[in-house]
Amino acid sequence: MSLVGVLTDSCASIPEALIEKYNIKVVPYYIHRGMETLRDLVDVQREEFFRWLPTAVKLPTTASPGPGDYLQAFREMAQRTREIVSVHMTSLGSGAYQAAMAAREMARELLPDLRIEVIDSRNVSLCQGWMVIEAARAALEGVSFEGVIDCVRQLIPKTHMIQTADTLRYLYMGGRIGRAKHLVGSLLNIKPLIGMEDGVIVPLGTARSRPRAYQRIAEMMEEAVGHLGQVKVAFVHAAASQEIEKLRHIVEERLNCVETLVAELSPALGVHTGPGTVGVCYYPV
């Protein structure tokens, strides 16, 4: 009962092998597709969803787990721990953080011996995922509750996302475009580059082709950490496994990737990025 429990949601897109290895609790987002309500990575999987998405006449909508979902997860985790660190995507793009905070208040009444810290990652995807992975590793090494919390908080300003796609239509239609709205009307042969700054999507520039976009991503990483600088990097994509390997090759030539993950976005996150999205979530070490 002494180990700290670590919880997150499905939009962190952590590879299943790591979820199992580090005993991470994942609460699924919801996808509303017509009359269907699907639980992310439970009722719908990546391959089927990304094959269907480009054919959709009307884009599905997504919803964060509710307080009841998080409360149920907290109760299940209370069977094996008395301390939980709960890490969520940016509160400026989703209601997950607020829902988990509400669930913590409920848990205080029902499970008064349970300590819960709810953290807004101010990021998304594998940036959020890196925080969760490192927190879970620290917990398994016996780091204290306060130490696991500190591990996450130290990574919040360090983790960076850069991604590109053929279109920002999905982000725009899903209302998650942030300050990159002006890139939506870019010409077809222009590839937008976006990132996240203090919890909001921001434009990072454009490139005239995918290969040039990949070069620019590697250049921006190199500018941030120096030539052959040490990074932990997750190469993330949505139905673009061949493209992500091209980006990986370019990045690994320029940087010292001390740990590398390749991960496909969850369907709930893919609703907003669209198939073909390729990018990195990284932090310097």
# chains A, B, ... in the order shown; residues from 1 in each chain; ligands from 1
call {"tool": "select_by_dssp", "arguments": {"residues": "region 37-200 of chain A", "states": "helix (DSSP H, G or I)", "output": "ChimeraX atom specification"}}
result
/A:46-55,67-77,96-110,125-140,145-155,169-173,178-183
call {"tool": "select_by_dssp", "arguments": {"residues": "region 41-188 of chain A", "states": "strand (DSSP E)", "output": "list of chain:residue names"}}
result
A:Thr61, A:Thr62, A:Ala63, A:Glu83, A:Ile84, A:Val85, A:Ser86, A:Val87, A:His88, A:Arg115, A:Ile116, A:Glu117, A:Val118, A:Ile119, A:Asp120, A:His160, A:Met161, A:Ile162, A:Gln163, A:Thr164
call {"tool": "residues_around", "arguments": {"residues": "region 236-240 of chain A", "least_positions_apart": "3", "cutoff": "8 Å", "atoms": "only C-alpha atoms", "output": "PyMOL selection string"}}
result
chain A and resi 46-47+50+126+243-244+262-265+270+273-281
call {"tool": "residues_around", "arguments": {"residues": "Gly129 (chain A)", "least_positions_apart": "6", "cutoff": "10 Å", "atoms": "only C-alpha atoms", "output": "list in words"}}
result
Thr8, Asp9, Ser10, Cys11, Ala12, Ser13, Ile14, Pro15, Val87, His88, Met89, Ser121, Asn123, Ala135, Thr159, Ala234 and Cys281 of chain A
call {"tool": "write_last_selection", "arguments": {"atoms": "N, CA and C atoms", "output": "tab-separated table (two decimals), in the first residue's frame"}}
result
chain	number	residue	atom	x	y	z
A	8	THR	N	-3.93	9.03	-15.22
A	8	THR	CA	-4.06	10.02	-16.29
A	8	THR	C	-5.26	9.65	-17.13
A	9	ASP	N	-5.40	10.32	-18.29
A	9	ASP	CA	-6.50	10.01	-19.18
A	9	ASP	C	-5.98	9.57	-20.54
A	10	SER	N	-6.87	9.07	-21.36
A	10	SER	CA	-6.45	8.39	-22.60
A	10	SER	C	-5.78	9.33	-23.60
A	11	CYS	N	-6.03	10.64	-23.51
A	11	CYS	CA	-5.40	11.55	-24.47
A	11	CYS	C	-3.90	11.68	-24.28
A	12	ALA	N	-3.36	11.18	-23.17
A	12	ALA	CA	-1.91	11.15	-23.01
A	12	ALA	C	-1.27	10.22	-24.04
A	13	SER	N	-2.06	9.29	-24.59
A	13	SER	CA	-1.62	8.42	-25.70
A	13	SER	C	-0.37	7.61	-25.37
A	14	ILE	N	-0.22	7.22	-24.13
A	14	ILE	CA	0.93	6.42	-23.70
A	14	ILE	C	0.82	5.02	-24.29
A	15	PRO	N	1.90	4.49	-24.86
A	15	PRO	CA	1.84	3.12	-25.39
A	15	PRO	C	1.38	2.13	-24.33
A	87	VAL	N	-2.72	13.31	-13.35
A	87	VAL	CA	-2.14	14.28	-14.30
A	87	VAL	C	-3.04	14.39	-15.54
A	88	HIS	N	-3.37	15.62	-15.91
A	88	HIS	CA	-4.36	15.83	-16.98
A	88	HIS	C	-3.91	16.82	-18.04
A	89	MET	N	-4.54	16.72	-19.21
A	89	MET	CA	-4.21	17.64	-20.30
A	89	MET	C	-4.59	19.07	-19.90
A	121	SER	N	-1.30	19.63	-16.60
A	121	SER	CA	-0.01	19.52	-17.29
A	121	SER	C	0.30	20.73	-18.18
A	123	ASN	N	-0.29	20.94	-21.07
A	123	ASN	CA	0.14	20.38	-22.34
A	123	ASN	C	-0.79	19.26	-22.73
A	135	ALA	N	6.59	10.09	-13.59
A	135	ALA	CA	5.98	10.01	-12.26
A	135	ALA	C	5.81	8.56	-11.84
A	159	THR	N	8.67	20.29	-21.10
A	159	THR	CA	8.16	19.46	-22.20
A	159	THR	C	7.63	20.34	-23.33
A	234	ALA	N	9.32	11.57	-27.77
A	234	ALA	CA	8.27	10.68	-28.26
A	234	ALA	C	7.89	11.15	-29.66
A	281	CYS	N	7.09	15.07	-29.09
A	281	CYS	CA	6.90	15.57	-27.73
A	281	CYS	C	8.21	15.25	-27.02
call {"tool": "residues_around", "arguments": {"residues": "Leu255 (chain A)", "least_positions_apart": "6", "cutoff": "9 Å", "atoms": "only C-alpha atoms", "output": "MDAnalysis selection string"}}
result
chainID A and resid 218 221:222 225:231
call {"tool": "write_last_selection", "arguments": {"atoms": "C-alpha atoms", "output": "JSON list (two decimals), in the first residue's frame"}}
result
[["chain", "number", "residue", "atom", "x", "y", "z"],
["A", 218, "ALA", "CA", 14.55, 18.98, -36.06],
["A", 221, "MET", "CA", 14.63, 21.07, -31.39],
["A", 222, "GLU", "CA", 18.32, 21.64, -32.06],
["A", 225, "VAL", "CA", 18.86, 22.04, -26.78],
["A", 226, "GLY", "CA", 21.98, 22.46, -28.93],
["A", 227, "HIS", "CA", 23.60, 20.20, -31.52],
["A", 228, "LEU", "CA", 23.60, 16.60, -30.25],
["A", 229, "GLY", "CA", 21.86, 17.83, -27.11],
["A", 230, "GLN", "CA", 20.37, 15.10, -24.93],
["A", 231, "VAL", "CA", 16.61, 14.69, -25.12]]
